[in-house]
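J.: What follows is a single structure, and I will ask about it in a moment.
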Amino acid sequence: MDEVIKIVNDIKAGNIKPIYFLMGEEPYYIDKLSDYIEENILSEDEKGFNQTVMYGRDVSVEDIVSTAKRYPMMAERQVVIVKEAQDLTKTIDRLESYAENPMASTVLVLCYKYKTLDKRKKVTKMLAKSGVIFESKKLYENQVGDWIKRVLAGKKYAIEPKASAMLVEFLGTDLSKINNELEKLQIILPKGSTISPKDIEENIGFSKDFNVFELR
């Protein structure tokens, strides 16, 4: 999470890199960073001509490079986002020459989910040299409770340990699913609330009959 905050703060400060290669087993932060870049680097007026979203299954690396090499129209930058870039695993090495000399006026974002690049490969070294490589690692089950506390604290909420444990018990380590349920609770409960097991049962629909915490 600290690395995510640093990337966002750098962008806010105008320290914007030409390439963001977002990879790893946990898609939650890949989506969060990609969405942040998509929403915040260009103004609404600039997005029409200068923001392109592509999908790995529909394009080749050559298509991506060709788009990235275009100049922006009436804007300082263009943003090119490639979602599901893991579909290009077999040809991703072809990014090497672009990564060696990327367009300074392009922000190229590649969302490479559920996989990582081999750190020994030249393409990985070039991407790291020219831009940012962010690896989103899967959290272990015993780390998710702390993650829930931190996310909620940032939104001015707290959670009882039993309530947090219930979320992990029923949703596992899928941060996107957990976050969706937390957002539902934040709509219902006023800021400053401490989320209780009762709130989880009543609003998220985990059946009390099968609640292992009650059975214990």
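Ordered as shown in the structure tokens, chains take letters A, B, and onward, while each chain numbers its residues from 1 and ligands are numbered from 1 in the order shown.
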Would you pick out the contacts of Tyr36 in chain A at 12 Å or less, using only C-alpha atoms, so that residues sharing its chain but fewer than 3 positions from it are not included, and give the list as a ChimeraX atom specification?

T.: /A:4-5,7-9,11-12,29-33,39-42,79,81,109

J.: Within 8 Å of Ala75 in chain A, counting only C-alpha atoms, which residues show up once you throw out same-chain ones fewer than 3 positions away? Write them as a list of chain:residue names, please.

T.: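 In the requested form, the answer reads A:Glu46, A:Asn50, A:Pro72, A:Gln78.
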
J.: Include all heavy atoms and write out the residues we just selected as a short mmCIF file (atom, residue, chain, number, x, y, z; two decimals), in the first residue's frame.

T.:
data_model
loop_
_atom_site.label_atom_id
_atom_site.label_comp_id
_atom_site.auth_asym_id
_atom_site.auth_seq_id
_atom_site.Cartn_x
_atom_site.Cartn_y
_atom_site.Cartn_z
N GLU A 46 -9.28 17.19 -22.45
CA GLU A 46 -8.15 16.55 -23.15
C GLU A 46 -8.39 15.07 -23.45
O GLU A 46 -7.81 14.52 -24.38
CB GLU A 46 -6.87 16.69 -22.29
CG GLU A 46 -6.36 18.11 -22.17
CD GLU A 46 -5.27 18.25 -21.13
OE1 GLU A 46 -5.21 17.43 -20.19
OE2 GLU A 46 -4.48 19.20 -21.27
N ASN A 50 -6.97 12.37 -26.47
CA ASN A 50 -5.65 11.97 -25.95
C ASN A 50 -5.65 10.81 -24.96
O ASN A 50 -4.62 10.52 -24.36
CB ASN A 50 -4.98 13.19 -25.29
CG ASN A 50 -4.74 14.29 -26.29
OD1 ASN A 50 -3.93 14.14 -27.20
ND2 ASN A 50 -5.46 15.40 -26.15
N PRO A 72 0.44 13.99 -28.73
CA PRO A 72 -0.85 14.43 -28.20
C PRO A 72 -1.43 15.58 -29.03
O PRO A 72 -0.68 16.31 -29.70
CB PRO A 72 -0.51 14.90 -26.78
CG PRO A 72 0.95 15.16 -26.77
CD PRO A 72 1.56 14.27 -27.81
N GLN A 78 -0.49 12.42 -23.86
CA GLN A 78 -1.57 11.47 -24.11
C GLN A 78 -1.41 10.31 -23.13
O GLN A 78 -0.29 10.03 -22.66
CB GLN A 78 -1.57 10.96 -25.56
CG GLN A 78 -0.40 10.06 -25.91
CD GLN A 78 -0.68 9.12 -27.07
OE1 GLN A 78 -1.83 8.86 -27.41
NE2 GLN A 78 0.38 8.61 -27.67
#

J.: To one decimal in Å, tell me the separation between CA of Arg70 in chain A and CA of Glu100 in chain A.

T.: 16.6 Å

J.: Would you list, as a VMD selection string, the residues of range 13-107 of chain A that end up in strand (DSSP E or B) under DSSP run on this structure's backbone?

T.: chain A and resid 19 to 24 51 to 55 78 to 83 106 to 107

J.: Which of these residues is nearest to Tyr71 in chain A, using only C-alpha atoms: A:Thr106, A:Gln186, A:Ser164, A:Thr194?

T.: A:Thr106

J.: Set the distance at 12 Å and use only C-alpha atoms: which residues neighbour Asp146 in chain A once local chain neighbours fewer than 2 positions away are removed? I'd like the list as a ChimeraX atom specification.

T.: /A:1,139-144,148-153,158-161,164-165,168,173

J.: May I ask which of the residues A:Ser34, A:Ser136, A:Ser105, A:Thr89 is the closest one to Arg57 in chain A, counting only C-alpha atoms?

T.: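 Of A:Ser34, A:Ser136, A:Ser105, A:Thr89, the one nearest Arg57 in chain A, counting only C-alpha atoms, is A:Thr89.
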
J.: Which distance in Å separates CA of Arg120 in chain A and CA of Asp87 in chain A, to one decimal?

T.: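 Atom-to-atom, CA of Arg120 in chain A to CA of Asp87 in chain A, that is 20.6 Å.
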
J.: Identify which of the residues A:Val80, A:Ile187, A:Ile19, A:Leu182 lies closest to Lys129 in chain A, counting only C-alpha atoms when measuring atom-to-atom distances.

T.: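 With only C-alpha atoms as the atom set, the closest residue is A:Ile19.
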
J.: Find the residue from A:Gln51, A:Thr91, A:Asn15, A:Tyr28 that sits nearest to Leu175 in chain A; use only C-alpha atoms when measuring.

T.: A:Tyr28

J.: Within range 53-182 of chain A, find each residue whose DSSP state, derived from the backbone, is helix (DSSP H, G or I), and express the selection as number ranges by chain.

T.: A: 61-68, 85-100, 122-130, 141-154, 161-171, 175-182

J.: With a distance cut-off of 10 Å and only C-alpha atoms, select the neighbouring residues of Lys115 in chain A, excluding the residue or stretch itself and same-chain residues fewer than 5 positions from it, and output the selection as a list in words.

T.: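 Answer for this query is Leu22, Met23, Gly24, Glu25, Glu26, Pro27, Ala85, Gln86, Thr89, Glu135, Ser136 and Lys137 of chain A.
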
J.: Give the answer as one residue: which of A:Ala99, A:Ile37, A:Ile16, A:Ala104 has the shortest atom-to-atom distance to Ala128 in chain A, using only C-alpha atoms?

T.: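 The shortest atom-to-atom distance to Ala128 in chain A comes from A:Ala99.
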
J.: Give me the residues near Lys90 in chain A as a list in words, where near means some atom within 12 Å (using only C-alpha atoms) and where sequence neighbours in that chain fewer than 6 positions away do not count.

T.: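 Contacts, with the query itself left out: Gly56, Arg57, Ser60, Val61 and Leu117 of chain A.
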
J.: Output N, CA and C atoms for every residue in the selection just made, as a PDB file, in the first residue's frame.

T.:
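The result, written out as result-v2.pdb:
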ATOM      1  N   GLY A  56      -5.581  -6.259 -24.111  1.00  0.00           N
ATOM      2  CA  GLY A  56      -4.522  -7.139 -24.595  1.00  0.00           C
ATOM      3  C   GLY A  56      -4.989  -8.182 -25.588  1.00  0.00           C
ATOM      4  N   ARG A  57      -6.208  -8.689 -25.404  1.00  0.00           N
ATOM      5  CA  ARG A  57      -6.702  -9.747 -26.312  1.00  0.00           C
ATOM      6  C   ARG A  57      -7.001  -9.215 -27.709  1.00  0.00           C
ATOM      7  N   SER A  60      -1.956  -6.057 -30.655  1.00  0.00           N
ATOM      8  CA  SER A  60      -0.597  -6.607 -30.588  1.00  0.00           C
ATOM      9  C   SER A  60       0.304  -5.589 -29.895  1.00  0.00           C
ATOM     10  N   VAL A  61       1.486  -6.034 -29.516  1.00  0.00           N
ATOM     11  CA  VAL A  61       2.460  -5.099 -28.927  1.00  0.00           C
ATOM     12  C   VAL A  61       2.774  -3.994 -29.934  1.00  0.00           C
ATOM     13  N   LEU A 117       6.664 -10.275 -14.629  1.00  0.00           N
ATOM     14  CA  LEU A 117       7.745 -10.405 -15.600  1.00  0.00           C
ATOM     15  C   LEU A 117       8.969 -11.004 -14.922  1.00  0.00           C
TER      16      LEU A 117
END

J.: Give me the residues near Arg94 in chain A as a list in words, where near means some atom within 9 Å (using only C-alpha atoms) and where sequence neighbours in that chain fewer than 4 positions away do not count.

T.: Val61, Glu62, Tyr98 and Val123 of chain A
